[in-house]
file query-v5.cif (mmCIF, C-alpha atoms and all ligand atoms)
data_coords
#
loop_
_atom_site.label_atom_id
_atom_site.label_comp_id
_atom_site.auth_asym_id
_atom_site.auth_seq_id
_atom_site.Cartn_x
_atom_site.Cartn_y
_atom_site.Cartn_z
CA MET Z 248 79.01 122.64 124.92
CA SER Z 249 79.49 120.12 122.13
CA PHE Z 250 76.72 118.23 120.36
CA PHE Z 251 77.80 115.07 122.19
CA ASP Z 252 77.72 116.78 125.61
CA ARG Z 253 74.26 118.22 124.93
CA ASN Z 254 73.03 114.83 123.71
CA ARG Z 255 74.27 113.15 126.90
CA LYS Z 256 72.64 115.85 129.05
CA ALA Z 257 69.35 115.28 127.26
CA LEU Z 258 69.44 111.64 128.38
CA ILE Z 259 69.52 112.69 132.01
CA ALA Z 260 66.70 115.16 131.36
CA ASP Z 261 64.69 112.28 129.84
CA GLY Z 262 65.28 110.15 132.94
CA ILE Z 263 67.60 107.71 131.16
CA ASP Z 264 70.73 106.42 132.86
CA PRO Z 265 73.56 108.04 130.86
CA ALA Z 266 75.75 105.01 131.62
CA ARG Z 267 73.76 103.23 128.89
CA LEU Z 268 75.40 105.46 126.29
CA PRO Z 269 78.91 104.22 125.44
CA PRO Z 270 81.74 106.76 125.19
CA GLY Z 271 81.81 108.76 121.95
CA GLN Z 272 78.21 107.83 121.04
CA TYR Z 273 75.05 109.95 120.71
CA ARG Z 274 71.46 108.80 121.10
CA THR Z 275 69.14 109.08 118.14
CA ASP Z 276 65.50 108.09 117.74
CA ARG Z 277 66.10 107.54 114.05
CA TRP Z 278 67.35 104.19 112.79
CA PRO Z 279 70.01 104.70 110.11
CA VAL Z 280 70.43 102.08 107.38
CA LEU Z 281 74.01 100.93 106.82
CA HIS Z 282 75.32 98.11 104.69
CA GLU Z 283 77.57 97.19 101.78
CA GLY Z 284 75.91 96.40 98.45
CA PRO Z 285 72.24 96.44 97.54
CA VAL Z 286 69.30 95.85 99.89
CA GLN Z 287 68.52 92.14 99.70
CA GLN Z 288 65.02 90.83 99.08
CA VAL Z 289 64.84 87.52 100.88
CA ASP Z 290 61.92 85.12 100.43
CA LEU Z 291 61.17 83.39 103.75
CA ALA Z 292 59.66 80.43 101.90
CA THR Z 293 63.03 79.53 100.39
CA TRP Z 294 65.40 81.03 103.00
CA THR Z 295 67.68 78.58 104.76
CA LEU Z 296 70.30 78.99 107.44
CA ARG Z 297 73.36 76.80 107.02
CA VAL Z 298 75.47 75.92 110.07
CA TRP Z 299 78.75 74.21 109.34
CA GLY Z 300 82.39 73.83 110.34
CA ALA Z 301 83.44 72.60 113.76
CA VAL Z 302 80.07 70.98 114.44
CA GLU Z 303 78.97 67.37 114.82
CA GLN Z 304 76.72 67.67 111.80
CA GLU Z 305 76.14 70.38 109.24
CA ILE Z 306 72.52 71.55 109.31
CA ARG Z 307 70.24 73.67 107.16
CA LEU Z 308 67.25 75.19 108.89
CA SER Z 309 64.19 76.59 107.16
CA HIS Z 310 62.31 79.50 108.71
CA ALA Z 311 59.84 77.00 110.21
CA ASP Z 312 62.69 74.88 111.63
CA LEU Z 313 64.20 77.98 113.17
CA VAL Z 314 61.03 79.28 114.80
CA ALA Z 315 60.29 75.79 116.16
CA LEU Z 316 63.41 76.11 118.34
CA GLY Z 317 61.61 78.75 120.38
CA GLU Z 318 61.63 82.52 120.19
CA VAL Z 319 62.39 84.94 122.99
CA ASP Z 320 61.70 88.66 123.41
CA LEU Z 321 64.46 91.15 124.06
CA THR Z 322 64.44 94.93 124.48
CA THR Z 323 67.92 96.32 123.98
CA ASP Z 324 70.07 99.23 122.83
CA LEU Z 325 71.96 99.34 119.51
CA HIS Z 326 75.38 100.97 119.10
CA CYS Z 327 76.83 101.64 115.65
CA VAL Z 328 80.52 102.34 115.22
CA THR Z 329 79.52 105.45 113.22
CA LYS Z 330 78.50 106.85 116.63
CA TRP Z 331 74.73 106.56 116.75
CA SER Z 332 72.97 104.59 119.46
CA ARG Z 333 69.30 103.66 119.42
CA PHE Z 334 67.70 102.79 122.76
CA ASP Z 335 65.01 100.29 123.68
CA THR Z 336 64.58 98.48 120.38
CA VAL Z 337 62.14 95.60 120.78
CA TRP Z 338 63.23 92.32 119.19
CA ARG Z 339 62.04 88.75 118.95
CA GLY Z 340 64.27 85.92 117.82
CA VAL Z 341 65.78 82.52 118.44
CA PRO Z 342 68.87 82.35 120.67
CA ILE Z 343 71.84 81.42 118.48
CA ALA Z 344 72.86 78.94 121.20
CA LYS Z 345 69.77 76.88 120.39
CA VAL Z 346 70.68 76.74 116.71
CA LEU Z 347 74.26 75.72 117.45
CA GLU Z 348 72.95 73.07 119.83
CA GLN Z 349 71.10 71.49 116.90
CA ALA Z 350 74.35 71.14 114.97
CA GLY Z 351 76.34 70.08 118.05
CA LEU Z 352 79.58 71.90 118.80
CA LYS Z 353 82.84 70.02 118.43
CA PRO Z 354 85.26 70.29 121.39
CA ASN Z 355 87.68 72.36 119.29
CA ALA Z 356 85.04 75.01 118.40
CA THR Z 357 86.26 78.44 119.55
CA HIS Z 358 85.27 81.05 116.93
CA THR Z 359 82.54 81.88 114.46
CA LEU Z 360 81.87 83.71 111.23
CA GLN Z 361 78.41 84.92 110.34
CA HIS Z 362 77.80 84.93 106.58
CA ALA Z 363 75.45 87.07 104.51
CA PRO Z 364 74.96 87.97 100.84
CA TYR Z 365 77.38 90.26 99.00
CA ALA Z 366 80.36 88.58 100.72
CA TYR Z 367 79.49 90.16 104.09
CA SER Z 368 80.85 88.31 107.07
CA THR Z 369 81.73 89.11 110.66
CA ASN Z 370 83.74 87.11 113.17
CA LEU Z 371 83.20 86.56 116.89
CA PRO Z 372 84.40 84.26 119.62
CA LEU Z 373 81.93 81.41 120.02
CA ALA Z 374 81.18 82.52 123.60
CA ASP Z 375 79.66 85.77 122.31
CA LEU Z 376 77.16 83.97 120.09
CA LEU Z 377 76.28 81.63 122.96
CA ARG Z 378 75.09 84.51 125.17
CA PRO Z 379 71.32 84.34 125.75
CA THR Z 380 70.96 87.83 124.22
CA SER Z 381 72.59 86.84 120.90
CA LEU Z 382 69.64 86.15 118.62
CA ILE Z 383 68.70 85.21 115.12
CA ALA Z 384 66.10 87.93 114.99
CA THR Z 385 62.75 87.37 113.30
CA SER Z 386 60.90 90.53 114.35
CA VAL Z 387 61.58 94.10 115.46
CA ASP Z 388 59.40 96.76 117.04
CA GLY Z 389 56.45 94.36 116.94
CA GLY Z 390 56.55 93.58 113.21
CA ALA Z 391 58.59 92.08 110.41
CA ILE Z 392 62.18 93.28 110.13
CA PRO Z 393 62.20 95.66 107.13
CA ASP Z 394 64.31 94.56 104.15
CA GLU Z 395 66.63 97.56 104.54
CA HIS Z 396 67.35 96.55 108.14
CA GLY Z 397 68.35 93.02 107.12
CA GLY Z 398 64.95 91.37 107.24
CA PRO Z 399 63.21 89.13 107.30
CA ILE Z 400 65.97 87.44 109.33
CA ARG Z 401 69.16 88.98 110.68
CA THR Z 402 71.54 88.51 113.57
CA LEU Z 403 71.35 90.59 116.73
CA VAL Z 404 74.40 90.68 119.00
CA PRO Z 405 73.50 93.71 121.10
CA HIS Z 406 76.51 93.83 123.45
CA LEU Z 407 78.86 94.69 120.55
CA TYR Z 408 78.97 97.34 117.82
CA PHE Z 409 76.22 96.72 115.31
CA TRP Z 410 78.51 95.61 112.47
CA LYS Z 411 78.79 92.34 114.46
CA SER Z 412 75.10 91.69 113.64
CA ALA Z 413 74.77 90.39 110.07
CA LYS Z 414 71.77 91.53 108.05
CA TRP Z 415 70.13 88.88 105.77
CA LEU Z 416 71.96 86.11 107.64
CA THR Z 417 72.53 83.00 105.54
CA GLY Z 418 75.05 80.99 107.53
CA ILE Z 419 77.07 80.50 110.67
CA GLN Z 420 80.47 78.90 110.29
CA VAL Z 421 82.00 77.46 113.44
CA LEU Z 422 85.79 77.54 113.52
CA ASP Z 423 88.70 76.33 115.65
CA HIS Z 424 90.55 79.64 115.17
CA ASP Z 425 89.78 83.31 114.54
CA VAL Z 426 89.16 84.44 110.94
CA PRO Z 427 88.51 88.18 110.49
CA GLY Z 428 85.35 89.16 108.60
CA TYR Z 429 84.47 91.80 106.00
CA TRP Z 430 85.06 94.92 108.12
CA GLU Z 431 87.65 93.33 110.36
CA VAL Z 432 90.04 92.83 107.43
CA ARG Z 433 89.40 96.50 106.53
CA GLY Z 434 90.64 97.82 109.86
CA TYR Z 435 87.70 97.46 112.22
CA HIS Z 436 88.39 96.01 115.65
CA ASP Z 437 88.42 92.25 115.95
CA TYR Z 438 85.95 92.28 118.89
CA GLY Z 439 84.09 95.63 118.97
CA ASP Z 440 83.00 96.32 122.55
CA PRO Z 441 81.29 99.75 122.42
CA PHE Z 442 81.88 100.45 126.12
CA LEU Z 443 85.62 100.01 125.56
CA GLU Z 444 85.43 102.00 122.29
CA GLN Z 445 86.93 99.12 120.31
CA ARG Z 446 86.16 100.77 116.97
CA TYR Z 447 89.29 100.15 114.94
CA ARG Z 448 92.29 97.93 115.50
N1 LIG R 501 74.86 91.64 105.48
C1 LIG R 501 75.31 92.77 106.06
N2 LIG R 501 75.10 92.94 107.37
C2 LIG R 501 75.53 94.06 107.99
C3 LIG R 501 76.23 95.06 107.27
C4 LIG R 501 76.45 94.84 105.88
O1 LIG R 501 77.09 95.63 105.19
N3 LIG R 501 75.95 93.69 105.31
N4 LIG R 501 76.64 96.20 107.91
C5 LIG R 501 76.74 96.17 109.39
C6 LIG R 501 76.82 97.49 109.96
S1 LIG R 501 78.26 98.33 109.74
C7 LIG R 501 75.82 98.01 110.74
S2 LIG R 501 76.01 99.47 111.59
C8 LIG R 501 74.50 97.35 110.84
C9 LIG R 501 73.44 98.32 110.38
O2 LIG R 501 72.17 97.76 110.52
P1 LIG R 501 70.91 98.68 110.16
O3 LIG R 501 71.06 99.10 108.72
O4 LIG R 501 69.72 97.87 110.44
O5 LIG R 501 71.01 99.89 111.07
O6 LIG R 501 74.43 96.18 110.04
C10 LIG R 501 75.59 95.39 110.03
N5 LIG R 501 75.31 94.19 109.30
MO MO R 502 78.15 100.11 111.29
#
call {"tool": "encode", "arguments": {"input": "query-v5.cif", "output": "structure tokens", "more": "lines below"}}
Ligand SMILES: Nc1nc2c(c(=O)[nH]1)N[C@H]1C(S)=C(S)[C@@H](COP(=O)(O)O)O[C@H]1N2
Ligand SMILES: [Mo]
result
Amino acid sequence: MSFFDRNRKALIADGIDPARLPPGQYRTDRWPVLHEGPVQQVDLATWTLRVWGAVEQEIRLSHADLVALGEVDLTTDLHCVTKWSRFDTVWRGVPIAKVLEQAGLKPNATHTLQHAPYAYSTNLPLADLLRPTSLIATSVDGGAIPDEHGGPIRTLVPHLYFWKSAKWLTGIQVLDHDVPGYWEVRGYHDYGDPFLEQRYR
């Protein structure tokens, strides 16, 4: 029996619904660190989130502005395209929909690009960021998000492969057409649904 088969069997033994594990993935209790470039050290006191593009007005939110929009709690599974999945991670954050509401979406808004330092970006249809589970995350596992995991503030889009969740988020660009991001121009799938194994295009 392969490592993957044994890993899936262990889920059942642990009383976990194996349907939560997407095809080709294995569950790990570890949390690998993956990113391009150096770990960023972001100062919350000076951090701002810029929202621009196909919006009624460009906005810049401070950490206090962001938190004032209202945080929600979410326990969810993470799925990385490199095949690890981590179950039941506990997050807190502000729904991205609330942030976009502040800027006001133009009728022609259809797509988005998240931006982060070191030229990282990732694209998604607007509808995916508007899901109530798509968060600008401010906390994980009951504490601050560690720098190496994209803290203090990162995106969490848990229904897609984890490269669609920008660490050290600095901006959200709203677009009227699709523009592939950092990994997407390097061959990753445009959308990245783990349950459909949309790893590469
Ligand atoms: N800014 C930035 N965000 C990023 C990346 C990156 O290189 N830079 N890598 C992505 C990838 S490929 C993954 S799997 C997750 C990893 O997050 P983690 O290190 O917290 O596990 O971050 C995503 N967000
Ligand atoms: Mo990844």
call {"tool": "residues_around", "arguments": {"input": "query-v5.cif", "residues": "segment 300-312 of chain Z", "least_positions_apart": "3", "cutoff": "9 Å", "atoms": "all atoms listed in the file", "output": "PyMOL selection string"}}
result
chain Z and resi 291-297+315-316+346-347+349-357+400+418-423
call {"tool": "closest_atom_pairs", "arguments": {"input": "query-v5.cif", "of": "chain Z", "to": "ligand MO 502 (chain R)", "cutoff": "6 Å", "atoms": "all atoms listed in the file", "output": "CSV"}}
result
residue,atom,partner,partner_atom,distance
Z:Cys327,CA,R:MO502,MO,4.8
Z:Val328,CA,R:MO502,MO,5.1
Z:Thr329,CA,R:MO502,MO,5.8
Z:Phe409,CA,R:MO502,MO,5.6
Z:Trp410,CA,R:MO502,MO,4.7
call {"tool": "residues_around", "arguments": {"input": "query-v5.cif", "residues": "segment 377-387 of chain Z", "least_positions_apart": "5", "cutoff": "9 Å", "atoms": "only C-alpha atoms", "output": "MDAnalysis selection string"}}
result
chainID Z and resid 313:314 318:319 321 336:347 392:393 398:406 416
call {"tool": "closest_residue", "arguments": {"input": "query-v5.cif", "among": "Z:Phe251, Z:Asp388, Z:Gln287, Z:Asp375", "to": "Trp331 of chain Z", "atoms": "all atoms listed in the file"}}
result
Z:Phe251
call {"tool": "residues_near_ligand", "arguments": {"input": "query-v5.cif", "ligand": "ligand LIG 501 (chain R)", "cutoff": "8 Å", "atoms": "only C-alpha atoms and all ligand atoms", "output": "VMD selection string"}}
result
chain Z and resid 278 to 284 326 to 329 362 to 368 395 to 397 401 408 to 416 430
call {"tool": "residues_around", "arguments": {"input": "query-v5.cif", "residues": "Ala266 of chain Z", "least_positions_apart": "5", "cutoff": "10 Å", "atoms": "all atoms listed in the file", "output": "VMD selection string"}}
result
chain Z and resid 255 258 to 259 442
call {"tool": "closest_residue", "arguments": {"input": "query-v5.cif", "among": "Z:Val286, Z:Glu348, Z:Asp394, Z:Phe334", "to": "Pro265 of chain Z", "atoms": "only C-alpha atoms"}}
result
Z:Phe334
call {"tool": "atom_distance", "arguments": {"input": "query-v5.cif", "atom1": "atom CA of Asp324 of chain Z", "atom2": "atom CA of Leu373 of chain Z"}}
result
21.6 Å
call {"tool": "atom_distance", "arguments": {"input": "query-v5.cif", "atom1": "atom CA of Pro441 of chain Z", "atom2": "atom CA of Phe250 of chain Z"}}
result
19.1 Å
call {"tool": "axis_aligned_box", "arguments": {"input": "query-v5.cif", "around": "segment 351-358 of chain Z", "padding_each_side": "6 Å", "output": "lines of an AutoDock Vina configuration file"}}
result
center_x = 82.0
center_y = 75.5
center_z = 119.2
size_x = 23.3
size_y = 23.0
size_z = 16.5
call {"tool": "decode", "arguments": {"input": "query-v5.cif", "residues": "segment 255-362 of chain Z", "atoms": "C-alpha atoms", "output": "tab-separated table (two decimals), in the first residue's frame"}}
result
chain	number	residue	atom	x	y	z
Z	255	ARG	CA	-6.02	8.13	3.73
Z	256	LYS	CA	-6.73	5.00	5.78
Z	257	ALA	CA	-5.37	6.74	8.87
Z	258	LEU	CA	-8.01	9.44	8.43
Z	259	ILE	CA	-10.78	6.88	8.70
Z	260	ALA	CA	-9.08	5.36	11.74
Z	261	ASP	CA	-9.02	8.85	13.30
Z	262	GLY	CA	-12.75	9.27	12.66
Z	263	ILE	CA	-12.26	11.93	9.97
Z	264	ASP	CA	-14.37	11.90	6.83
Z	265	PRO	CA	-11.86	10.99	4.09
Z	266	ALA	CA	-13.91	13.05	1.61
Z	267	ARG	CA	-12.27	16.10	3.21
Z	268	LEU	CA	-8.94	15.07	1.69
Z	269	PRO	CA	-8.76	16.09	-2.00
Z	270	PRO	CA	-7.40	13.59	-4.52
Z	271	GLY	CA	-3.61	13.25	-4.56
Z	272	GLN	CA	-3.20	14.94	-1.15
Z	273	TYR	CA	-1.94	13.63	2.20
Z	274	ARG	CA	-2.80	14.94	5.65
Z	275	THR	CA	-0.02	16.32	7.81
Z	276	ASP	CA	-0.10	17.84	11.27
Z	277	ARG	CA	2.94	19.90	10.39
Z	278	TRP	CA	2.56	23.27	8.70
Z	279	PRO	CA	5.18	23.66	5.96
Z	280	VAL	CA	6.43	27.15	5.07
Z	281	LEU	CA	6.40	27.95	1.35
Z	282	HIS	CA	7.04	31.23	-0.41
Z	283	GLU	CA	9.21	33.04	-2.92
Z	284	GLY	CA	11.83	35.44	-1.57
Z	285	PRO	CA	12.68	36.29	2.02
Z	286	VAL	CA	10.32	36.15	5.01
Z	287	GLN	CA	8.82	39.63	5.34
Z	288	GLN	CA	8.80	41.51	8.63
Z	289	VAL	CA	5.70	43.67	8.54
Z	290	ASP	CA	5.03	46.37	11.12
Z	291	LEU	CA	1.29	46.52	11.88
Z	292	ALA	CA	1.61	50.16	12.92
Z	293	THR	CA	2.55	51.20	9.38
Z	294	TRP	CA	0.88	48.39	7.36
Z	295	THR	CA	-1.80	49.48	4.93
Z	296	LEU	CA	-4.01	47.58	2.54
Z	297	ARG	CA	-4.63	49.31	-0.77
Z	298	VAL	CA	-7.75	48.45	-2.78
Z	299	TRP	CA	-7.89	49.87	-6.28
Z	300	GLY	CA	-8.96	49.28	-9.87
Z	301	ALA	CA	-12.57	48.71	-10.84
Z	302	VAL	CA	-13.89	50.28	-7.64
Z	303	GLU	CA	-15.86	53.45	-6.94
Z	304	GLN	CA	-13.02	54.83	-4.87
Z	305	GLU	CA	-9.51	53.64	-4.13
Z	306	ILE	CA	-9.04	53.05	-0.40
Z	307	ARG	CA	-6.16	52.42	1.97
Z	308	LEU	CA	-7.00	50.70	5.21
Z	309	SER	CA	-4.83	50.63	8.31
Z	310	HIS	CA	-4.90	47.61	10.60
Z	311	ALA	CA	-7.36	49.47	12.85
Z	312	ASP	CA	-9.59	50.35	9.87
Z	313	LEU	CA	-9.57	46.71	8.82
Z	314	VAL	CA	-10.43	45.25	12.22
Z	315	ALA	CA	-13.22	47.83	12.63
Z	316	LEU	CA	-15.02	46.17	9.70
Z	317	GLY	CA	-15.66	43.16	11.92
Z	318	GLU	CA	-13.78	39.90	12.32
Z	319	VAL	CA	-15.20	36.41	12.02
Z	320	ASP	CA	-13.89	33.02	13.16
Z	321	LEU	CA	-13.36	30.16	10.75
Z	322	THR	CA	-12.04	26.63	11.23
Z	323	THR	CA	-10.97	25.17	7.91
Z	324	ASP	CA	-8.65	22.82	6.04
Z	325	LEU	CA	-5.64	23.96	3.98
Z	326	HIS	CA	-4.55	22.25	0.75
Z	327	CYS	CA	-1.17	23.01	-0.82
Z	328	VAL	CA	-0.48	22.11	-4.43
Z	329	THR	CA	2.71	20.37	-3.21
Z	330	LYS	CA	0.30	17.74	-1.82
Z	331	TRP	CA	0.07	18.44	1.90
Z	332	SER	CA	-3.24	19.21	3.58
Z	333	ARG	CA	-3.61	20.53	7.11
Z	334	PHE	CA	-6.98	20.01	8.79
Z	335	ASP	CA	-8.92	22.17	11.23
Z	336	THR	CA	-6.78	25.29	11.24
Z	337	VAL	CA	-8.42	27.99	13.36
Z	338	TRP	CA	-8.49	31.46	11.81
Z	339	ARG	CA	-9.88	34.88	12.56
Z	340	GLY	CA	-10.15	37.60	9.96
Z	341	VAL	CA	-12.23	40.14	8.10
Z	342	PRO	CA	-14.31	38.89	5.15
Z	343	ILE	CA	-12.78	40.31	1.97
Z	344	ALA	CA	-16.33	41.15	0.84
Z	345	LYS	CA	-16.52	43.74	3.62
Z	346	VAL	CA	-13.31	45.39	2.47
Z	347	LEU	CA	-14.43	45.50	-1.15
Z	348	GLU	CA	-17.75	46.96	-0.02
Z	349	GLN	CA	-15.84	49.90	1.46
Z	350	ALA	CA	-14.29	50.65	-1.92
Z	351	GLY	CA	-17.51	49.96	-3.82
Z	352	LEU	CA	-17.37	47.59	-6.78
Z	353	LYS	CA	-17.90	48.99	-10.26
Z	354	PRO	CA	-20.43	47.11	-12.44
Z	355	ASN	CA	-17.63	45.90	-14.73
Z	356	ALA	CA	-15.64	44.30	-11.87
Z	357	THR	CA	-15.12	40.59	-12.60
Z	358	HIS	CA	-11.60	39.57	-11.48
Z	359	THR	CA	-9.02	40.30	-8.83
Z	360	LEU	CA	-5.31	40.20	-8.15
Z	361	GLN	CA	-3.96	39.98	-4.64
Z	362	HIS	CA	-0.59	41.73	-4.27
